[in-house]
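*Asks:* Here you go, this is target08.pdb (PDB, C-alpha atoms, pLDDT in the B column).
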```pdb
ATOM      1  CA  MET M  20     109.227  92.471 118.802  1.00 35.00           C
ATOM      2  CA  ALA M  21     105.969  92.051 116.961  1.00 39.00           C
ATOM      3  CA  GLU M  22     103.286  94.319 115.670  1.00 46.00           C
ATOM      4  CA  SER M  23      99.889  93.946 114.062  1.00 44.00           C
ATOM      5  CA  GLY M  24      99.311  94.742 110.411  1.00 47.00           C
ATOM      6  CA  ASN M  25      96.439  94.765 107.987  1.00 47.00           C
ATOM      7  CA  SER M  26      95.203  92.506 105.219  1.00 48.00           C
ATOM      8  CA  THR M  27      96.572  94.733 102.470  1.00 66.00           C
ATOM      9  CA  ALA M  28     100.172  94.247 103.669  1.00 70.00           C
ATOM     10  CA  PHE M  29      99.652  90.495 103.852  1.00 80.00           C
ATOM     11  CA  LEU M  30      98.613  90.263 100.206  1.00 84.00           C
ATOM     12  CA  SER M  31     102.315  90.100  99.353  1.00 92.00           C
ATOM     13  CA  ASN M  32     102.210  86.510 100.607  1.00 95.00           C
ATOM     14  CA  HIS M  33     100.848  84.412  97.758  1.00 93.00           C
ATOM     15  CA  VAL M  34      99.156  81.798  99.925  1.00 94.00           C
ATOM     16  CA  LEU M  35      97.251  84.438 101.882  1.00 95.00           C
ATOM     17  CA  ALA M  36      96.407  86.323  98.704  1.00 93.00           C
ATOM     18  CA  ALA M  37      94.838  83.134  97.296  1.00 93.00           C
ATOM     19  CA  LEU M  38      92.377  82.894 100.192  1.00 95.00           C
ATOM     20  CA  LYS M  39      88.881  84.317 100.187  1.00 94.00           C
ATOM     21  CA  ALA M  40      88.539  87.574 102.094  1.00 93.00           C
ATOM     22  CA  ASP M  41      86.789  86.085 105.126  1.00 95.00           C
ATOM     23  CA  ALA M  42      89.479  83.434 105.647  1.00 95.00           C
ATOM     24  CA  ARG M  43      92.299  85.920 105.125  1.00 93.00           C
ATOM     25  CA  ASP M  44      90.728  88.441 107.525  1.00 93.00           C
ATOM     26  CA  PHE M  45      90.346  85.726 110.149  1.00 95.00           C
ATOM     27  CA  ILE M  46      94.067  84.928 109.923  1.00 95.00           C
ATOM     28  CA  VAL M  47      95.145  88.569 109.840  1.00 91.00           C
ATOM     29  CA  ASP M  48      93.123  89.462 112.937  1.00 93.00           C
ATOM     30  CA  ARG M  49      94.853  86.722 114.939  1.00 94.00           C
ATOM     31  CA  ALA M  50      98.378  87.068 113.650  1.00 94.00           C
ATOM     32  CA  GLU M  51     101.332  89.318 114.361  1.00 93.00           C
ATOM     33  CA  MET M  52     104.101  90.777 112.227  1.00 94.00           C
ATOM     34  CA  ARG M  53     107.705  90.031 113.110  1.00 96.00           C
ATOM     35  CA  GLU M  54     111.013  91.083 111.643  1.00 96.00           C
ATOM     36  CA  MET M  55     113.315  88.336 110.353  1.00 97.00           C
ATOM     37  CA  SER M  56     117.067  88.939 110.573  1.00 97.00           C
ATOM     38  CA  THR M  57     119.822  87.033 108.803  1.00 96.00           C
ATOM     39  CA  GLY M  58     120.702  83.924 110.801  1.00 95.00           C
ATOM     40  CA  ASP M  59     117.431  83.745 112.732  1.00 97.00           C
ATOM     41  CA  VAL M  60     116.341  80.126 113.240  1.00 96.00           C
ATOM     42  CA  ILE M  61     112.596  79.824 112.654  1.00 95.00           C
ATOM     43  CA  PHE M  62     112.303  76.110 113.472  1.00 93.00           C
ATOM     44  CA  THR M  63     114.791  73.421 114.434  1.00 92.00           C
ATOM     45  CA  ASN M  64     114.446  69.881 113.141  1.00 87.00           C
ATOM     46  CA  GLY M  65     111.888  67.930 115.163  1.00 87.00           C
ATOM     47  CA  ALA M  66     110.861  70.917 117.304  1.00 89.00           C
ATOM     48  CA  GLN M  67     107.254  71.568 118.276  1.00 91.00           C
ATOM     49  CA  VAL M  68     105.567  73.804 115.712  1.00 91.00           C
ATOM     50  CA  THR M  69     103.774  76.561 117.605  1.00 92.00           C
ATOM     51  CA  HIS M  70     103.083  78.917 114.692  1.00 94.00           C
ATOM     52  CA  LEU M  71     102.633  79.013 110.967  1.00 95.00           C
ATOM     53  CA  VAL M  72     104.969  81.594 109.452  1.00 96.00           C
ATOM     54  CA  PHE M  73     104.012  83.470 106.272  1.00 96.00           C
ATOM     55  CA  PRO M  74     106.967  85.465 104.881  1.00 97.00           C
ATOM     56  CA  LEU M  75     106.070  88.814 103.351  1.00 96.00           C
ATOM     57  CA  GLU M  76     109.629  89.536 102.289  1.00 96.00           C
ATOM     58  CA  GLY M  77     112.953  87.733 102.634  1.00 97.00           C
ATOM     59  CA  VAL M  78     114.336  84.223 102.145  1.00 97.00           C
ATOM     60  CA  VAL M  79     114.274  81.286 104.578  1.00 97.00           C
ATOM     61  CA  SER M  80     116.230  78.114 103.831  1.00 95.00           C
ATOM     62  CA  PHE M  81     115.562  74.587 105.013  1.00 92.00           C
ATOM     63  CA  ILE M  82     119.004  73.334 105.942  1.00 91.00           C
ATOM     64  CA  ALA M  83     120.503  69.846 105.809  1.00 84.00           C
ATOM     65  CA  GLU M  84     123.177  69.604 108.482  1.00 77.00           C
ATOM     66  CA  LEU M  85     126.143  67.486 107.427  1.00 71.00           C
ATOM     67  CA  ALA M  86     129.219  66.091 109.133  1.00 66.00           C
ATOM     68  CA  GLY M  87     131.987  68.505 110.048  1.00 63.00           C
ATOM     69  CA  ASP M  88     129.691  71.452 110.860  1.00 70.00           C
ATOM     70  CA  LYS M  89     128.762  71.761 107.197  1.00 75.00           C
ATOM     71  CA  SER M  90     125.281  72.485 105.920  1.00 79.00           C
ATOM     72  CA  VAL M  91     123.506  72.806 102.583  1.00 87.00           C
ATOM     73  CA  GLU M  92     120.177  74.207 101.489  1.00 89.00           C
ATOM     74  CA  LYS M  93     117.485  71.644 100.697  1.00 88.00           C
ATOM     75  CA  VAL M  94     114.829  74.130  99.646  1.00 88.00           C
ATOM     76  CA  SER M  95     114.047  77.818 100.189  1.00 92.00           C
ATOM     77  CA  ILE M  96     110.857  79.660 101.031  1.00 94.00           C
ATOM     78  CA  GLY M  97     109.755  83.243 100.533  1.00 95.00           C
ATOM     79  CA  ARG M  98     106.527  85.144 100.148  1.00 95.00           C
ATOM     80  CA  GLU M  99     105.184  82.534  97.756  1.00 93.00           C
ATOM     81  CA  GLY M 100     104.689  80.158 100.674  1.00 93.00           C
ATOM     82  CA  PHE M 101     104.753  79.502 104.394  1.00 95.00           C
ATOM     83  CA  LEU M 102     106.601  77.529 107.068  1.00 94.00           C
ATOM     84  CA  GLY M 103     104.936  74.995 109.305  1.00 91.00           C
ATOM     85  CA  PHE M 104     103.316  72.906 106.595  1.00 82.00           C
ATOM     86  CA  ALA M 105     103.885  69.806 108.751  1.00 81.00           C
ATOM     87  CA  LEU M 106     100.685  70.906 110.493  1.00 81.00           C
ATOM     88  CA  VAL M 107      98.768  70.559 107.248  1.00 78.00           C
ATOM     89  CA  MET M 108     100.041  66.981 107.124  1.00 76.00           C
ATOM     90  CA  GLU M 109      98.746  66.451 110.679  1.00 75.00           C
ATOM     91  CA  SER M 110     102.176  66.405 112.285  1.00 79.00           C
ATOM     92  CA  GLU M 111     103.121  68.625 115.239  1.00 81.00           C
ATOM     93  CA  THR M 112     106.896  68.740 114.766  1.00 86.00           C
ATOM     94  CA  SER M 113     109.067  70.556 112.248  1.00 87.00           C
ATOM     95  CA  LEU M 114     110.305  68.608 109.244  1.00 78.00           C
ATOM     96  CA  GLY M 115     113.645  70.424 109.219  1.00 84.00           C
ATOM     97  CA  THR M 116     115.752  73.329 110.424  1.00 92.00           C
ATOM     98  CA  SER M 117     114.843  76.642 108.794  1.00 95.00           C
ATOM     99  CA  VAL M 118     117.181  79.656 108.855  1.00 96.00           C
ATOM    100  CA  VAL M 119     116.726  83.204 107.530  1.00 97.00           C
ATOM    101  CA  GLN M 120     119.162  83.997 104.689  1.00 97.00           C
ATOM    102  CA  VAL M 121     117.768  87.314 103.433  1.00 97.00           C
ATOM    103  CA  PRO M 122     116.126  89.534 106.069  1.00 96.00           C
ATOM    104  CA  GLY M 123     112.519  90.626 105.857  1.00 96.00           C
ATOM    105  CA  ARG M 124     109.186  90.368 107.640  1.00 95.00           C
ATOM    106  CA  ALA M 125     106.773  87.542 108.292  1.00 96.00           C
ATOM    107  CA  LEU M 126     103.306  86.972 109.664  1.00 95.00           C
ATOM    108  CA  TRP M 127     103.155  84.545 112.619  1.00 97.00           C
ATOM    109  CA  LEU M 128      99.896  82.682 113.243  1.00 96.00           C
ATOM    110  CA  PRO M 129      99.479  80.536 116.411  1.00 96.00           C
ATOM    111  CA  THR M 130      98.613  76.922 115.688  1.00 94.00           C
ATOM    112  CA  THR M 131      95.423  77.140 117.751  1.00 95.00           C
ATOM    113  CA  ASP M 132      94.138  79.852 115.426  1.00 96.00           C
ATOM    114  CA  PHE M 133      95.275  77.877 112.407  1.00 94.00           C
ATOM    115  CA  ASP M 134      93.223  74.885 113.582  1.00 93.00           C
ATOM    116  CA  GLN M 135      90.159  77.126 113.788  1.00 95.00           C
ATOM    117  CA  ALA M 136      90.831  78.495 110.307  1.00 95.00           C
ATOM    118  CA  LEU M 137      91.005  74.961 108.903  1.00 92.00           C
ATOM    119  CA  THR M 138      87.669  74.125 110.504  1.00 93.00           C
ATOM    120  CA  ARG M 139      85.854  77.283 109.453  1.00 95.00           C
ATOM    121  CA  PHE M 140      87.215  77.912 105.935  1.00 95.00           C
ATOM    122  CA  ARG M 141      87.507  75.173 103.317  1.00 91.00           C
ATOM    123  CA  ASP M 142      89.849  77.153 101.081  1.00 92.00           C
ATOM    124  CA  VAL M 143      92.600  77.344 103.742  1.00 94.00           C
ATOM    125  CA  ARG M 144      93.602  73.687 103.481  1.00 90.00           C
ATOM    126  CA  ALA M 145      93.265  73.736  99.687  1.00 91.00           C
ATOM    127  CA  ALA M 146      95.589  76.735  99.323  1.00 92.00           C
ATOM    128  CA  MET M 147      98.156  75.221 101.645  1.00 90.00           C
ATOM    129  CA  LEU M 148      98.127  71.847  99.934  1.00 88.00           C
ATOM    130  CA  ARG M 149      98.689  73.592  96.593  1.00 88.00           C
ATOM    131  CA  TYR M 150     101.747  75.252  98.070  1.00 90.00           C
ATOM    132  CA  ALA M 151     102.979  71.989  99.612  1.00 86.00           C
ATOM    133  CA  LYS M 152     102.833  70.453  96.136  1.00 84.00           C
ATOM    134  CA  SER M 153     104.869  73.311  94.667  1.00 85.00           C
ATOM    135  CA  LEU M 154     107.426  72.988  97.474  1.00 85.00           C
ATOM    136  CA  MET M 155     107.902  69.322  96.629  1.00 83.00           C
ATOM    137  CA  MET M 156     108.443  70.354  93.014  1.00 82.00           C
ATOM    138  CA  GLN M 157     111.111  72.848  94.091  1.00 81.00           C
ATOM    139  CA  LEU M 158     112.835  70.199  96.198  1.00 79.00           C
ATOM    140  CA  MET M 159     112.976  67.747  93.278  1.00 80.00           C
ATOM    141  CA  GLU M 160     114.239  70.424  90.894  1.00 77.00           C
ATOM    142  CA  SER M 161     116.918  71.471  93.388  1.00 75.00           C
ATOM    143  CA  VAL M 162     118.257  67.917  93.593  1.00 71.00           C
ATOM    144  CA  ALA M 163     118.514  67.712  89.804  1.00 72.00           C
ATOM    145  CA  CYS M 164     119.972  71.207  89.587  1.00 73.00           C
ATOM    146  CA  SER M 165     122.838  70.349  91.936  1.00 71.00           C
ATOM    147  CA  SER M 166     123.824  67.431  89.719  1.00 70.00           C
ATOM    148  CA  LEU M 167     123.306  68.830  86.232  1.00 73.00           C
ATOM    149  CA  HIS M 168     123.934  72.553  86.122  1.00 83.00           C
ATOM    150  CA  THR M 169     126.953  74.824  86.332  1.00 92.00           C
ATOM    151  CA  ALA M 170     127.867  76.937  89.329  1.00 93.00           C
ATOM    152  CA  GLU M 171     126.938  80.137  87.494  1.00 95.00           C
ATOM    153  CA  GLN M 172     123.525  78.731  86.570  1.00 94.00           C
ATOM    154  CA  ARG M 173     122.847  77.691  90.161  1.00 94.00           C
ATOM    155  CA  VAL M 174     124.022  81.013  91.615  1.00 96.00           C
ATOM    156  CA  SER M 175     121.895  82.878  89.066  1.00 96.00           C
ATOM    157  CA  ARG M 176     118.842  80.784  89.955  1.00 93.00           C
ATOM    158  CA  TRP M 177     119.312  81.445  93.663  1.00 95.00           C
ATOM    159  CA  LEU M 178     119.679  85.193  93.085  1.00 97.00           C
ATOM    160  CA  LEU M 179     116.592  85.269  90.847  1.00 96.00           C
ATOM    161  CA  GLN M 180     114.545  83.516  93.502  1.00 94.00           C
ATOM    162  CA  ALA M 181     115.798  85.941  96.149  1.00 97.00           C
ATOM    163  CA  HIS M 182     114.911  88.864  93.858  1.00 97.00           C
ATOM    164  CA  ASP M 183     111.368  87.500  93.575  1.00 95.00           C
ATOM    165  CA  ARG M 184     111.073  87.478  97.364  1.00 96.00           C
ATOM    166  CA  VAL M 185     112.081  91.063  98.187  1.00 95.00           C
ATOM    167  CA  SER M 186     110.761  94.524  97.464  1.00 91.00           C
ATOM    168  CA  GLY M 187     113.014  96.379  95.055  1.00 94.00           C
ATOM    169  CA  ASP M 188     116.240  95.287  93.414  1.00 97.00           C
ATOM    170  CA  GLU M 189     118.594  95.184  96.421  1.00 96.00           C
ATOM    171  CA  PHE M 190     119.010  92.561  99.096  1.00 97.00           C
ATOM    172  CA  HIS M 191     121.721  91.434 101.488  1.00 96.00           C
ATOM    173  CA  VAL M 192     123.392  88.045 101.207  1.00 96.00           C
ATOM    174  CA  THR M 193     127.084  87.193 101.378  1.00 95.00           C
ATOM    175  CA  GLN M 194     129.032  85.078  98.923  1.00 95.00           C
ATOM    176  CA  GLU M 195     130.017  82.908 101.867  1.00 95.00           C
ATOM    177  CA  ALA M 196     126.343  82.200 102.580  1.00 95.00           C
ATOM    178  CA  ILE M 197     125.627  81.349  98.935  1.00 96.00           C
ATOM    179  CA  SER M 198     128.637  79.035  98.770  1.00 95.00           C
ATOM    180  CA  ARG M 199     127.479  77.222 101.912  1.00 93.00           C
ATOM    181  CA  LEU M 200     123.868  76.918 100.774  1.00 93.00           C
ATOM    182  CA  LEU M 201     124.766  75.619  97.311  1.00 93.00           C
ATOM    183  CA  ALA M 202     127.718  73.476  98.469  1.00 90.00           C
ATOM    184  CA  LEU M 203     130.147  75.416  96.277  1.00 94.00           C
ATOM    185  CA  ARG M 204     133.619  76.722  97.002  1.00 94.00           C
ATOM    186  CA  ARG M 205     133.752  80.390  97.966  1.00 95.00           C
ATOM    187  CA  ALA M 206     136.144  81.061  95.079  1.00 97.00           C
ATOM    188  CA  THR M 207     133.643  79.461  92.678  1.00 97.00           C
ATOM    189  CA  VAL M 208     130.830  81.711  93.873  1.00 97.00           C
ATOM    190  CA  ASN M 209     133.121  84.723  93.662  1.00 96.00           C
ATOM    191  CA  ALA M 210     133.965  83.865  90.050  1.00 97.00           C
ATOM    192  CA  ALA M 211     130.285  83.381  89.176  1.00 97.00           C
ATOM    193  CA  CYS M 212     129.364  86.736  90.723  1.00 96.00           C
ATOM    194  CA  SER M 213     132.239  88.426  88.894  1.00 96.00           C
ATOM    195  CA  ASP M 214     130.991  87.027  85.590  1.00 97.00           C
ATOM    196  CA  LEU M 215     127.466  88.232  86.370  1.00 97.00           C
ATOM    197  CA  MET M 216     128.796  91.688  87.196  1.00 97.00           C
ATOM    198  CA  ASN M 217     130.822  91.807  83.979  1.00 97.00           C
ATOM    199  CA  ALA M 218     127.641  90.914  82.095  1.00 96.00           C
ATOM    200  CA  GLY M 219     125.824  93.814  83.759  1.00 97.00           C
ATOM    201  CA  ALA M 220     123.356  91.499  85.479  1.00 98.00           C
ATOM    202  CA  ILE M 221     124.208  92.445  89.071  1.00 98.00           C
ATOM    203  CA  THR M 222     126.442  94.558  91.243  1.00 97.00           C
ATOM    204  CA  TYR M 223     127.828  93.173  94.505  1.00 95.00           C
ATOM    205  CA  VAL M 224     129.333  95.343  97.227  1.00 93.00           C
ATOM    206  CA  ARG M 225     130.022  94.100 100.763  1.00 89.00           C
ATOM    207  CA  GLY M 226     127.255  91.553 100.833  1.00 92.00           C
ATOM    208  CA  ARG M 227     124.678  93.736  99.117  1.00 95.00           C
ATOM    209  CA  VAL M 228     123.396  92.434  95.781  1.00 97.00           C
ATOM    210  CA  THR M 229     121.667  94.761  93.326  1.00 98.00           C
ATOM    211  CA  VAL M 230     119.937  93.234  90.316  1.00 98.00           C
ATOM    212  CA  ARG M 231     120.743  95.584  87.434  1.00 97.00           C
ATOM    213  CA  ASN M 232     119.490  93.555  84.498  1.00 98.00           C
ATOM    214  CA  ARG M 233     117.045  90.799  85.396  1.00 97.00           C
ATOM    215  CA  ALA M 234     116.845  89.544  81.802  1.00 97.00           C
ATOM    216  CA  ALA M 235     120.622  89.021  81.750  1.00 97.00           C
ATOM    217  CA  LEU M 236     120.483  87.220  85.088  1.00 97.00           C
ATOM    218  CA  HIS M 237     117.628  85.046  83.851  1.00 97.00           C
ATOM    219  CA  ALA M 238     119.551  84.183  80.692  1.00 96.00           C
ATOM    220  CA  ARG M 239     122.384  82.777  82.811  1.00 95.00           C
ATOM    221  CA  SER M 240     120.107  80.763  85.084  1.00 94.00           C
ATOM    222  CA  CYS M 241     119.191  77.134  84.559  1.00 88.00           C
ATOM    223  CA  PRO M 242     115.726  75.992  83.334  1.00 87.00           C
ATOM    224  CA  CYS M 243     114.930  74.944  86.919  1.00 84.00           C
ATOM    225  CA  TYR M 244     114.085  78.546  87.781  1.00 87.00           C
ATOM    226  CA  ASP M 245     111.156  78.743  85.363  1.00 88.00           C
ATOM    227  CA  ARG M 246     109.824  75.336  86.393  1.00 84.00           C
ATOM    228  CA  ILE M 247     110.007  76.201  90.082  1.00 80.00           C
ATOM    229  CA  ARG M 248     108.383  79.593  89.528  1.00 82.00           C
ATOM    230  CA  SER M 249     105.538  78.080  87.525  1.00 79.00           C
ATOM    231  CA  ALA M 250     104.903  75.512  90.243  1.00 72.00           C
ATOM    232  CA  SER M 251     104.852  78.218  92.919  1.00 68.00           C
ATOM    233  CA  VAL M 252     101.880  80.072  91.448  1.00 55.00           C
ATOM    234  CA  CYS M 253      98.855  79.384  93.649  1.00 46.00           C
TER     235      CYS M 253
END
```
How does the structure come out when it is put into structure tokens?

*Replies:*
Amino acid sequence: MAESGNSTAFLSNHVLAALKADARDFIVDRAEMREMSTGDVIFTNGAQVTHLVFPLEGVVSFIAELAGDKSVEKVSIGREGFLGFALVMESETSLGTSVVQVPGRALWLPTTDFDQALTRFRDVRAAMLRYAKSLMMQLMESVACSSLHTAEQRVSRWLLQAHDRVSGDEFHVTQEAISRLLALRRATVNAACSDLMNAGAITYVRGRVTVRNRAALHARSCPCYDRIRSASVC
């Protein structure tokens, strides 16, 4: 289920890459690599946090569960960040339910080792607090985005963020998943994707998205994307 890696592979995670070598090596030596598959639940709301999870590739969404078995994405996390930041805030339980949307890999660090890293290396807490700040920025932008921007802009933003979080130009996500995450009708997402395909920005075949022209996709996104991306730089 899990396998060890090396510090070079973990440099794809921006938080780990921001650490000094001794702190990063400490974390790498005590962590394990795990595959993340679509639909995997990393944490449930209020559950005990036993690990910090550093995605190396893929997309994980924090989900708000609504009445009638409906859900919507509050914020998403990829290799720019980590899950389990409640521990940085001195809480032991998850602040929400997190579900894998785009498959990939992640580094899992036991909380006992994380506590040691905080004690031994000053830059660990600083790097994580910088990311926590950027995550709050993304959350605030997402709230505004849902109210102010068109469906095509929101779909384009989500696809751009997913593209940032994978290796290469292809990734798997269904239109049904996007419609659920963004609280849009499936037909609306289908129309947005069709427009993006007609513009040459993407191709979409059986749940597999290929970004063909990132500049065209960016041009159809809302300004939230650039603000979120700038805030995510550690």

*Asks:* Report the residues retrieved by the PyMOL selection byres ((chain M and resi 235) around 9) from the displayed file, expressed as a list in words.

*Replies:*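 Applied to this file, the PyMOL selection byres ((chain M and resi 235) around 9) returns Leu215, Ala218, Gly219, Ala220, Ile221, Arg231, Asn232, Arg233, Ala234, Leu236, His237, Ala238, Arg239 and Ser240 of chain M.
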
*Asks:* Dump C-alpha atoms for the selected residues as a compact mmCIF listing (two decimals), in the frame of the given file?

*Replies:*
```txt
# COMPACT_ATOMS: atom_id res chain seq x y z
CA LEU M 215 127.47 88.23 86.37
CA ALA M 218 127.64 90.91 82.10
CA GLY M 219 125.82 93.81 83.76
CA ALA M 220 123.36 91.50 85.48
CA ILE M 221 124.21 92.44 89.07
CA ARG M 231 120.74 95.58 87.43
CA ASN M 232 119.49 93.56 84.50
CA ARG M 233 117.04 90.80 85.40
CA ALA M 234 116.84 89.54 81.80
CA LEU M 236 120.48 87.22 85.09
CA HIS M 237 117.63 85.05 83.85
CA ALA M 238 119.55 84.18 80.69
CA ARG M 239 122.38 82.78 82.81
CA SER M 240 120.11 80.76 85.08
```

*Asks:* For a test of reading the model, state the distance in Å between atom CA of M:His168 and atom CA of M:Lys89, rounded to one decimal.

*Replies:*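 Here the two named atoms are 21.6 Å from each other.
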
*Asks:* Could you list, as a ChimeraX atom specification, every residue within 8 Å of stretch 63-72 of chain M, counting all atoms listed in the file and ignoring same-chain residues fewer than 4 positions away?

*Replies:* /M:101-104,106,111-117,125-130,133

*Asks:* Please dump the current selection as a CSV table (one decimal), keeping the file's coordinate frame; keep C-alpha atoms.

*Replies:*
```csv
chain,number,residue,atom,x,y,z
M,101,PHE,CA,104.8,79.5,104.4
M,102,LEU,CA,106.6,77.5,107.1
M,103,GLY,CA,104.9,75.0,109.3
M,104,PHE,CA,103.3,72.9,106.6
M,106,LEU,CA,100.7,70.9,110.5
M,111,GLU,CA,103.1,68.6,115.2
M,112,THR,CA,106.9,68.7,114.8
M,113,SER,CA,109.1,70.6,112.2
M,114,LEU,CA,110.3,68.6,109.2
M,115,GLY,CA,113.6,70.4,109.2
M,116,THR,CA,115.8,73.3,110.4
M,117,SER,CA,114.8,76.6,108.8
M,125,ALA,CA,106.8,87.5,108.3
M,126,LEU,CA,103.3,87.0,109.7
M,127,TRP,CA,103.2,84.5,112.6
M,128,LEU,CA,99.9,82.7,113.2
M,129,PRO,CA,99.5,80.5,116.4
M,130,THR,CA,98.6,76.9,115.7
M,133,PHE,CA,95.3,77.9,112.4
```

*Asks:* Might you spell out which residues the PyMOL selection byres ((chain M and resi 58) around 7) would select in the displayed file, as an MDAnalysis selection string?

*Replies:* chainID M and resid 56:57 59:60 118:120

*Asks:* For the residues in that selection, give me C-alpha atoms as a compact mmCIF listing (two decimals), keeping the file's coordinate frame.

*Replies:*
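The new file result-v3.txt reads:
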```txt
# COMPACT_ATOMS: atom_id res chain seq x y z
CA SER M 56 117.07 88.94 110.57
CA THR M 57 119.82 87.03 108.80
CA ASP M 59 117.43 83.74 112.73
CA VAL M 60 116.34 80.13 113.24
CA VAL M 118 117.18 79.66 108.86
CA VAL M 119 116.73 83.20 107.53
CA GLN M 120 119.16 84.00 104.69
```

*Asks:* Calculate how many Å separate atom CA of M:Val107 from atom CA of M:His182, rounding to one decimal.

*Replies:*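 Atom CA of M:His182 lies 27.8 Å from atom CA of M:Val107.
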